>>> print(open('input-v1.txt').read())   # compact mmCIF, C-alpha atoms and all ligand atoms
# COMPACT_ATOMS: atom_id res chain seq x y z
CA MET P 1348 114.11 70.44 65.22
CA SER P 1349 117.61 71.10 63.93
CA HIS P 1350 119.02 74.60 63.63
CA GLN P 1351 118.85 74.23 59.85
CA ALA P 1352 115.16 73.48 59.92
CA HIS P 1353 114.66 76.83 61.62
CA THR P 1354 116.68 78.87 59.18
CA VAL P 1355 115.70 77.34 55.84
CA ALA P 1356 112.69 78.89 54.09
CA VAL P 1357 113.01 77.28 50.67
CA ARG P 1358 114.99 74.23 49.66
CA ALA P 1359 115.11 72.78 46.17
CA SER P 1360 117.23 69.64 45.80
CA GLY P 1361 118.27 67.79 42.66
CA VAL P 1362 115.60 69.43 40.53
CA ASP P 1363 115.32 68.45 36.84
CA MET P 1364 112.89 70.30 34.60
CA PHE P 1365 112.60 69.48 30.91
CA PHE P 1366 110.31 70.94 28.27
CA GLY P 1367 109.28 69.56 24.90
CA THR P 1368 109.24 66.02 23.58
CA PRO P 1369 111.90 63.35 24.19
CA GLU P 1370 113.20 63.88 20.61
CA ASN P 1371 113.23 67.65 21.00
CA GLN P 1372 114.02 68.27 24.61
CA VAL P 1373 114.91 71.55 26.27
CA VAL P 1374 116.67 71.14 29.60
CA ALA P 1375 115.68 74.11 31.78
CA LEU P 1376 116.92 72.79 35.14
CA LYS P 1377 119.49 70.04 35.59
CA GLN P 1378 120.09 68.78 39.12
CA ALA P 1379 119.51 72.26 40.50
CA ASP P 1380 120.01 72.85 44.21
CA PHE P 1381 118.83 76.09 45.76
CA GLU P 1382 118.33 77.29 49.30
CA ALA P 1383 116.81 80.49 50.66
CA ARG P 1384 116.82 81.40 54.35
CA ARG P 1385 114.22 82.90 56.59
CA GLY P 1386 114.55 86.65 56.96
CA GLU P 1387 116.66 87.11 53.85
CA LEU P 1388 116.40 88.67 50.44
CA ILE P 1389 118.27 86.45 48.03
CA MET P 1390 118.85 87.39 44.40
CA LEU P 1391 119.17 85.00 41.50
CA VAL P 1392 121.25 86.19 38.56
CA GLY P 1393 122.44 84.64 35.31
CA PRO P 1394 122.24 84.84 31.53
CA SER P 1395 118.94 84.75 29.68
CA GLY P 1396 117.70 81.18 29.24
CA CYS P 1397 119.72 79.71 32.14
CA GLY P 1398 116.52 78.65 33.97
CA LYS P 1399 115.76 81.47 36.41
CA THR P 1400 112.04 81.80 35.68
CA THR P 1401 111.68 78.01 35.60
CA LEU P 1402 113.31 77.72 39.03
CA LEU P 1403 110.96 80.38 40.42
CA SER P 1404 107.95 78.51 39.00
CA VAL P 1405 109.12 75.25 40.56
CA ILE P 1406 109.58 76.95 43.95
CA ALA P 1407 106.15 78.54 43.59
CA GLY P 1408 104.58 75.18 42.80
CA THR P 1409 103.24 76.25 39.39
CA LEU P 1410 105.57 73.82 37.60
CA THR P 1411 106.13 70.27 38.83
CA PRO P 1412 109.69 69.11 38.18
CA GLN P 1413 110.45 65.70 36.63
CA ALA P 1414 112.96 65.01 39.42
CA GLY P 1415 113.98 66.40 42.79
CA THR P 1416 112.17 67.90 45.74
CA VAL P 1417 111.01 71.36 46.77
CA GLU P 1418 110.32 72.32 50.35
CA VAL P 1419 108.78 75.66 51.38
CA PHE P 1420 108.66 76.45 55.10
CA GLY P 1421 109.12 72.76 55.84
CA GLN P 1422 106.30 71.64 53.53
CA ARG P 1423 107.22 69.30 50.68
CA LEU P 1424 105.28 70.55 47.65
CA ASP P 1425 105.16 67.09 46.06
CA GLY P 1426 103.35 65.87 49.14
CA LEU P 1427 100.37 68.14 48.43
CA GLY P 1428 97.34 67.42 46.29
CA GLN P 1429 96.14 70.02 43.79
CA GLU P 1430 93.69 71.67 46.21
CA GLU P 1431 96.15 71.65 49.09
CA LEU P 1432 98.78 73.17 46.82
CA THR P 1433 96.41 75.94 45.75
CA SER P 1434 95.54 76.76 49.34
CA PHE P 1435 99.22 76.61 50.35
CA ARG P 1436 100.05 79.09 47.59
CA ARG P 1437 97.21 81.45 48.53
CA LYS P 1438 98.40 81.56 52.11
CA ASN P 1439 102.14 81.68 51.59
CA LEU P 1440 103.01 83.13 48.22
CA GLY P 1441 103.26 86.47 46.47
CA PHE P 1442 104.55 86.46 42.88
CA VAL P 1443 105.64 89.35 40.68
CA PHE P 1444 105.58 87.95 37.13
CA GLN P 1445 108.07 89.08 34.50
CA SER P 1446 105.06 89.89 32.29
CA PHE P 1447 103.04 91.43 35.18
CA ASN P 1448 99.89 89.26 34.49
CA LEU P 1449 97.44 91.98 35.55
CA ILE P 1450 93.74 91.38 34.95
CA PRO P 1451 92.75 93.89 32.22
CA THR P 1452 89.02 93.95 33.06
CA LEU P 1453 89.64 94.93 36.70
CA SER P 1454 90.67 98.37 37.96
CA VAL P 1455 94.07 98.92 39.54
CA VAL P 1456 92.70 98.72 43.09
CA GLU P 1457 90.66 95.61 42.26
CA ASN P 1458 93.76 93.91 40.84
CA VAL P 1459 95.63 94.62 44.05
CA MET P 1460 92.75 93.37 46.22
CA VAL P 1461 92.69 89.93 44.56
CA PRO P 1462 95.12 88.09 46.90
CA LEU P 1463 93.17 89.29 49.96
CA LEU P 1464 89.76 88.45 48.49
CA ILE P 1465 90.80 84.91 47.55
CA GLN P 1466 92.07 84.52 51.11
CA GLY P 1467 88.54 85.35 52.22
CA ARG P 1468 89.31 88.76 53.75
CA PRO P 1469 86.35 91.18 54.00
CA TYR P 1470 85.92 93.53 51.03
CA ASP P 1471 86.40 96.76 53.03
CA GLU P 1472 89.60 95.55 54.64
CA ALA P 1473 90.93 94.35 51.27
CA GLN P 1474 90.15 97.72 49.71
CA ALA P 1475 91.78 99.72 52.52
CA ARG P 1476 94.95 97.61 52.42
CA ALA P 1477 95.09 97.78 48.62
CA LEU P 1478 94.76 101.58 48.65
CA ALA P 1479 97.53 101.86 51.24
CA ILE P 1480 100.02 99.75 49.28
CA ILE P 1481 99.10 101.52 46.02
CA GLU P 1482 100.06 104.78 47.67
CA LYS P 1483 103.34 103.26 48.88
CA VAL P 1484 104.33 102.23 45.35
CA GLY P 1485 103.60 105.77 44.17
CA LEU P 1486 100.35 105.24 42.25
CA LYS P 1487 97.94 107.33 44.29
CA GLY P 1488 95.30 108.76 41.96
CA ARG P 1489 95.47 105.79 39.53
CA GLU P 1490 93.36 103.40 41.68
CA GLU P 1491 90.21 103.45 39.57
CA GLY P 1492 91.87 103.25 36.14
CA ARG P 1493 92.50 100.09 34.13
CA PRO P 1494 96.01 98.64 33.99
CA ASN P 1495 96.16 99.16 30.22
CA ALA P 1496 95.89 102.91 30.71
CA LEU P 1497 99.20 102.85 32.62
CA SER P 1498 102.81 102.90 31.44
CA GLY P 1499 104.93 99.74 31.68
CA GLY P 1500 106.62 101.01 34.83
CA GLN P 1501 103.29 101.84 36.45
CA GLN P 1502 101.88 98.41 35.54
CA GLN P 1503 104.97 96.81 37.07
CA ARG P 1504 104.31 98.71 40.29
CA VAL P 1505 100.70 97.46 40.34
CA ALA P 1506 102.05 93.92 39.99
CA ILE P 1507 104.40 94.56 42.92
CA ALA P 1508 101.61 96.06 45.05
CA ARG P 1509 99.47 92.99 44.36
CA ALA P 1510 102.30 90.67 45.43
CA LEU P 1511 102.99 92.65 48.63
CA VAL P 1512 99.44 93.45 49.78
CA HIS P 1513 98.90 90.27 51.81
CA GLU P 1514 102.47 90.35 53.21
CA PRO P 1515 103.17 86.84 51.97
CA PRO P 1516 105.68 84.64 53.83
CA LEU P 1517 107.37 83.87 50.49
CA LEU P 1518 107.66 86.71 47.98
CA ILE P 1519 109.02 85.80 44.56
CA CYS P 1520 109.86 88.57 42.08
CA ASP P 1521 110.88 87.96 38.45
CA GLU P 1522 112.83 91.03 37.29
CA PRO P 1523 110.72 93.43 39.37
CA THR P 1524 112.57 96.61 38.36
CA SER P 1525 112.95 95.94 34.62
CA ALA P 1526 110.60 98.81 33.66
CA LEU P 1527 111.54 101.21 36.48
CA ASP P 1528 113.97 104.12 36.59
CA LYS P 1529 116.80 104.07 39.14
CA ASP P 1530 115.07 105.99 41.93
CA THR P 1531 111.71 104.25 41.59
CA GLY P 1532 113.47 100.88 41.44
CA ALA P 1533 115.38 101.66 44.64
CA HIS P 1534 112.19 102.76 46.41
CA ILE P 1535 110.39 99.57 45.35
CA MET P 1536 113.34 97.46 46.49
CA GLU P 1537 113.19 99.12 49.90
CA LEU P 1538 109.57 97.96 50.25
CA VAL P 1539 110.51 94.48 49.09
CA ARG P 1540 113.49 94.30 51.42
CA ASP P 1541 111.41 95.52 54.38
CA LEU P 1542 109.05 92.59 53.84
CA SER P 1543 111.94 90.13 54.08
CA ARG P 1544 113.00 91.40 57.50
CA SER P 1545 111.15 88.78 59.53
CA PRO P 1546 112.05 85.18 60.40
CA GLU P 1547 108.58 84.25 59.12
CA ARG P 1548 109.40 85.49 55.62
CA CYS P 1549 111.74 85.17 52.68
CA VAL P 1550 112.15 87.06 49.40
CA VAL P 1551 113.64 85.67 46.16
CA VAL P 1552 114.36 88.17 43.38
CA VAL P 1553 115.53 87.37 39.86
CA THR P 1554 117.25 90.35 38.32
CA HIS P 1555 119.63 91.63 35.67
CA ASP P 1556 119.64 95.04 37.28
CA HIS P 1557 123.04 95.57 38.93
CA ARG P 1558 121.76 98.85 40.40
CA ILE P 1559 119.70 96.83 42.91
CA PHE P 1560 122.31 94.20 43.88
CA ARG P 1561 123.00 96.21 47.03
CA PHE P 1562 119.59 95.18 48.40
CA ALA P 1563 120.59 91.50 48.43
CA ASP P 1564 121.73 89.58 51.49
CA ARG P 1565 123.09 86.89 49.18
CA ILE P 1566 123.34 86.45 45.44
CA ALA P 1567 123.02 83.06 43.74
CA GLU P 1568 124.51 82.82 40.26
CA MET P 1569 122.86 80.49 37.81
CA GLU P 1570 124.33 78.87 34.73
CA ASP P 1571 122.96 76.15 32.40
CA GLY P 1572 120.08 75.05 34.60
CA ARG P 1573 121.80 75.07 37.97
CA ILE P 1574 123.19 77.31 40.68
CA SER P 1575 126.91 77.70 40.00
CA ARG P 1576 127.91 79.92 42.92
CA VAL P 1577 126.42 81.65 45.94
CA VAL P 1578 127.95 84.93 47.06
CA ASP P 1579 127.45 85.45 50.79
CA ASP P 1580 128.44 89.08 50.89
CA PRO P 1581 127.27 90.84 47.72
CA LYS P 1582 129.00 94.04 48.83
CA LEU P 1583 132.32 92.32 48.17
CA LEU P 1584 131.17 91.07 44.77
CA ASP P 1585 132.75 92.34 41.59
CA THR P 1586 129.54 92.57 39.61
CA SER P 1587 131.10 94.05 36.49
CA HIS P 1588 130.85 90.70 34.62
CA LEU P 1589 127.13 90.19 35.39
N1 LIG P 1601 107.10 76.49 28.65
C1 LIG P 1601 108.26 76.22 28.04
N2 LIG P 1601 108.30 75.43 26.96
C2 LIG P 1601 109.48 75.12 26.33
N3 LIG P 1601 110.67 75.60 26.73
C3 LIG P 1601 110.69 76.41 27.80
C4 LIG P 1601 109.50 76.78 28.51
N4 LIG P 1601 109.84 77.59 29.55
C5 LIG P 1601 111.18 77.74 29.47
N5 LIG P 1601 111.70 77.03 28.43
C6 LIG P 1601 113.13 76.94 28.08
O1 LIG P 1601 113.86 76.60 29.25
C7 LIG P 1601 115.08 77.33 29.32
C8 LIG P 1601 115.07 78.17 30.59
O2 LIG P 1601 114.08 79.20 30.46
P1 LIG P 1601 113.79 80.28 31.60
O3 LIG P 1601 113.62 79.58 32.89
O4 LIG P 1601 112.67 81.11 31.11
O5 LIG P 1601 115.16 81.12 31.61
P2 LIG P 1601 115.49 82.57 32.20
O6 LIG P 1601 114.34 83.02 33.05
O7 LIG P 1601 116.77 82.38 32.96
O8 LIG P 1601 115.71 83.47 31.02
C9 LIG P 1601 115.15 78.13 28.04
O9 LIG P 1601 115.89 77.39 27.10
C10 LIG P 1601 113.71 78.26 27.61
O10 LIG P 1601 113.61 78.42 26.23
MG MG P 1602 113.08 84.72 32.93
>>> encode(input="input-v1.txt", output="structure tokens", more="lines below")
Ligand SMILES: Nc1ncnc2c1ncn2[C@@H]1O[C@H](COP(=O)(O)OP(=O)(O)O)[C@@H](O)[C@H]1O
Ligand SMILES: [Mg+2]
Amino acid sequence: MSHQAHTVAVRASGVDMFFGTPENQVVALKQADFEARRGELIMLVGPSGCGKTTLLSVIAGTLTPQAGTVEVFGQRLDGLGQEELTSFRRKNLGFVFQSFNLIPTLSVVENVMVPLLIQGRPYDEAQARALAIIEKVGLKGREEGRPNALSGGQQQRVAIARALVHEPPLLICDEPTSALDKDTGAHIMELVRDLSRSPERCVVVVTHDHRIFRFADRIAEMEDGRISRVVDDPKLLDTSHL
């Protein structure tokens, strides 16, 4: 195996993603290339509508692009059937959705247990791990309530707990601090960054929040459906224009 094969966690190459009809087409991704490395936290930044959420969905295998290839931990997603893809996602992926996507009929702790239960983990273990991560995101005491009884920031932290609970090899977060104050956002980003600190893992974070740029190992800038620039040392980045 080449050195590259060891270091690359996610590779998207020449990805096109269009929405709509041929007469009324929206180009979301146009020949997009993106690479994330093992053991890193990479951020994806860019103006609204430039294709960030679409790129995350393509990497997560929830959208199939019209052109190009996506490889996650050496596995080509287009080489998997629907069932194999589902099982690959269960094993490898945690996703924090921009809109949280919590299940309103389940309690907070039940929501957080879901990834472990669908992996077939025993109920007691799932519950214990869910309670532990709920405490880490600062929601102790809210376990038995419904998500709708929580504030936006609290719901966002439930969504983050659910994405972290099974310590997924690939964690994808779509604007994970959008509803959080500065200190809570920094605390959450510490948890997220800690997860990335293993050669078996990788974290991709879309954000507009310049207060959390310091948690990135690299920052990829996106423009008009493709990555326009990758900054290798975000600490040197003048982020005033972002
Ligand atoms: N399901 C969809 N149907 C039609 N157009 C879409 C859909 N999803 C995204 N788009 C369009 O694709 C472009 C990129 O969207 P998106 O990836 O959500 O951008 P971002 O996350 O950077 O704001 C936008 O023009 C958006 O309107
Ligand atoms: Mg988006």
>>> atom_distance(input="input-v1.txt", atom1="atom CA of Thr1433 of chain P", atom2="atom CA of Val1405 of chain P")
13.7 Å
>>> closest_atom_pairs(input="input-v1.txt", of="chain P", to="ligand MG 1602 (chain P)", cutoff="7 Å", atoms="only C-alpha atoms and all ligand atoms", output="tab-separated table")
residue	atom	partner	partner_atom	distance
P:Ser1395	CA	P:MG1602	MG	6.7
P:Gly1396	CA	P:MG1602	MG	6.9
P:Lys1399	CA	P:MG1602	MG	5.5
P:Thr1400	CA	P:MG1602	MG	4.1
P:Gln1445	CA	P:MG1602	MG	6.8
P:Asp1521	CA	P:MG1602	MG	6.8
>>> residues_around(input="input-v1.txt", residues="Gly1386 of chain P", least_positions_apart="4", cutoff="10 Å", atoms="only C-alpha atoms", output="ChimeraX atom specification")
/P:1354-1356,1516,1540-1550,1564
>>> closest_atom_pairs(input="input-v1.txt", of="chain P", to="ligand LIG 1601 (chain P)", cutoff="12 Å", atoms="all atoms listed in the file", output="JSON lines")
{"residue": "P:Asp1363", "atom": "CA", "partner": "P:LIG1601", "partner_atom": "O1", "distance": 11.2}
{"residue": "P:Met1364", "atom": "CA", "partner": "P:LIG1601", "partner_atom": "O1", "distance": 8.3}
{"residue": "P:Phe1365", "atom": "CA", "partner": "P:LIG1601", "partner_atom": "O1", "distance": 7.4}
{"residue": "P:Phe1366", "atom": "CA", "partner": "P:LIG1601", "partner_atom": "C2", "distance": 4.7}
{"residue": "P:Gly1367", "atom": "CA", "partner": "P:LIG1601", "partner_atom": "C2", "distance": 5.7}
{"residue": "P:Thr1368", "atom": "CA", "partner": "P:LIG1601", "partner_atom": "C2", "distance": 9.5}
{"residue": "P:Asn1371", "atom": "CA", "partner": "P:LIG1601", "partner_atom": "C2", "distance": 9.9}
{"residue": "P:Gln1372", "atom": "CA", "partner": "P:LIG1601", "partner_atom": "N3", "distance": 8.3}
{"residue": "P:Val1373", "atom": "CA", "partner": "P:LIG1601", "partner_atom": "N3", "distance": 5.9}
{"residue": "P:Val1374", "atom": "CA", "partner": "P:LIG1601", "partner_atom": "O1", "distance": 6.2}
{"residue": "P:Ala1375", "atom": "CA", "partner": "P:LIG1601", "partner_atom": "O1", "distance": 4.0}
{"residue": "P:Leu1376", "atom": "CA", "partner": "P:LIG1601", "partner_atom": "C8", "distance": 7.3}
{"residue": "P:Lys1377", "atom": "CA", "partner": "P:LIG1601", "partner_atom": "C8", "distance": 10.5}
{"residue": "P:Leu1391", "atom": "CA", "partner": "P:LIG1601", "partner_atom": "O7", "distance": 9.2}
{"residue": "P:Val1392", "atom": "CA", "partner": "P:LIG1601", "partner_atom": "O7", "distance": 8.1}
{"residue": "P:Gly1393", "atom": "CA", "partner": "P:LIG1601", "partner_atom": "O7", "distance": 6.5}
{"residue": "P:Pro1394", "atom": "CA", "partner": "P:LIG1601", "partner_atom": "O7", "distance": 6.2}
{"residue": "P:Ser1395", "atom": "CA", "partner": "P:LIG1601", "partner_atom": "O8", "distance": 3.7}
{"residue": "P:Gly1396", "atom": "CA", "partner": "P:LIG1601", "partner_atom": "O5", "distance": 3.5}
{"residue": "P:Cys1397", "atom": "CA", "partner": "P:LIG1601", "partner_atom": "O7", "distance": 4.1}
{"residue": "P:Gly1398", "atom": "CA", "partner": "P:LIG1601", "partner_atom": "O3", "distance": 3.2}
{"residue": "P:Lys1399", "atom": "CA", "partner": "P:LIG1601", "partner_atom": "O7", "distance": 3.7}
{"residue": "P:Thr1400", "atom": "CA", "partner": "P:LIG1601", "partner_atom": "O6", "distance": 3.7}
{"residue": "P:Thr1401", "atom": "CA", "partner": "P:LIG1601", "partner_atom": "O3", "distance": 3.7}
{"residue": "P:Leu1402", "atom": "CA", "partner": "P:LIG1601", "partner_atom": "O3", "distance": 6.4}
{"residue": "P:Leu1403", "atom": "CA", "partner": "P:LIG1601", "partner_atom": "O3", "distance": 8.0}
{"residue": "P:Ser1404", "atom": "CA", "partner": "P:LIG1601", "partner_atom": "O3", "distance": 8.4}
{"residue": "P:Val1405", "atom": "CA", "partner": "P:LIG1601", "partner_atom": "O3", "distance": 9.9}
{"residue": "P:Thr1409", "atom": "CA", "partner": "P:LIG1601", "partner_atom": "N1", "distance": 11.4}
{"residue": "P:Leu1410", "atom": "CA", "partner": "P:LIG1601", "partner_atom": "N1", "distance": 9.5}
{"residue": "P:Thr1411", "atom": "CA", "partner": "P:LIG1601", "partner_atom": "N1", "distance": 12.0}
{"residue": "P:Phe1444", "atom": "CA", "partner": "P:LIG1601", "partner_atom": "O6", "distance": 10.8}
{"residue": "P:Gln1445", "atom": "CA", "partner": "P:LIG1601", "partner_atom": "O6", "distance": 8.8}
{"residue": "P:Ser1446", "atom": "CA", "partner": "P:LIG1601", "partner_atom": "O6", "distance": 11.6}
{"residue": "P:Cys1520", "atom": "CA", "partner": "P:LIG1601", "partner_atom": "O6", "distance": 11.5}
{"residue": "P:Asp1521", "atom": "CA", "partner": "P:LIG1601", "partner_atom": "O6", "distance": 8.1}
{"residue": "P:Glu1522", "atom": "CA", "partner": "P:LIG1601", "partner_atom": "O6", "distance": 9.2}
{"residue": "P:Val1552", "atom": "CA", "partner": "P:LIG1601", "partner_atom": "O6", "distance": 11.5}
{"residue": "P:Val1553", "atom": "CA", "partner": "P:LIG1601", "partner_atom": "O6", "distance": 8.2}
{"residue": "P:Thr1554", "atom": "CA", "partner": "P:LIG1601", "partner_atom": "O6", "distance": 9.5}
{"residue": "P:His1555", "atom": "CA", "partner": "P:LIG1601", "partner_atom": "O7", "distance": 10.1}
{"residue": "P:Glu1568", "atom": "CA", "partner": "P:LIG1601", "partner_atom": "O7", "distance": 10.6}
{"residue": "P:Met1569", "atom": "CA", "partner": "P:LIG1601", "partner_atom": "O7", "distance": 8.0}
{"residue": "P:Glu1570", "atom": "CA", "partner": "P:LIG1601", "partner_atom": "O7", "distance": 8.5}
{"residue": "P:Asp1571", "atom": "CA", "partner": "P:LIG1601", "partner_atom": "C8", "distance": 8.3}
{"residue": "P:Gly1572", "atom": "CA", "partner": "P:LIG1601", "partner_atom": "C8", "distance": 7.1}
{"residue": "P:Arg1573", "atom": "CA", "partner": "P:LIG1601", "partner_atom": "O7", "distance": 10.2}
{"residue": "P:Ile1574", "atom": "CA", "partner": "P:LIG1601", "partner_atom": "O7", "distance": 11.2}
>>> closest_residue(input="input-v1.txt", among="P:Ala1496, P:Ala1379, P:Val1577, P:Met1390", to="Pro1451 of chain P", atoms="all atoms listed in the file")
P:Ala1496
>>> residues_around(input="input-v1.txt", residues="Asn1495 of chain P", least_positions_apart="3", cutoff="10 Å", atoms="all atoms listed in the file", output="PyMOL selection string")
chain P and resi 1449-1452+1454-1455+1492+1498-1499+1501-1502
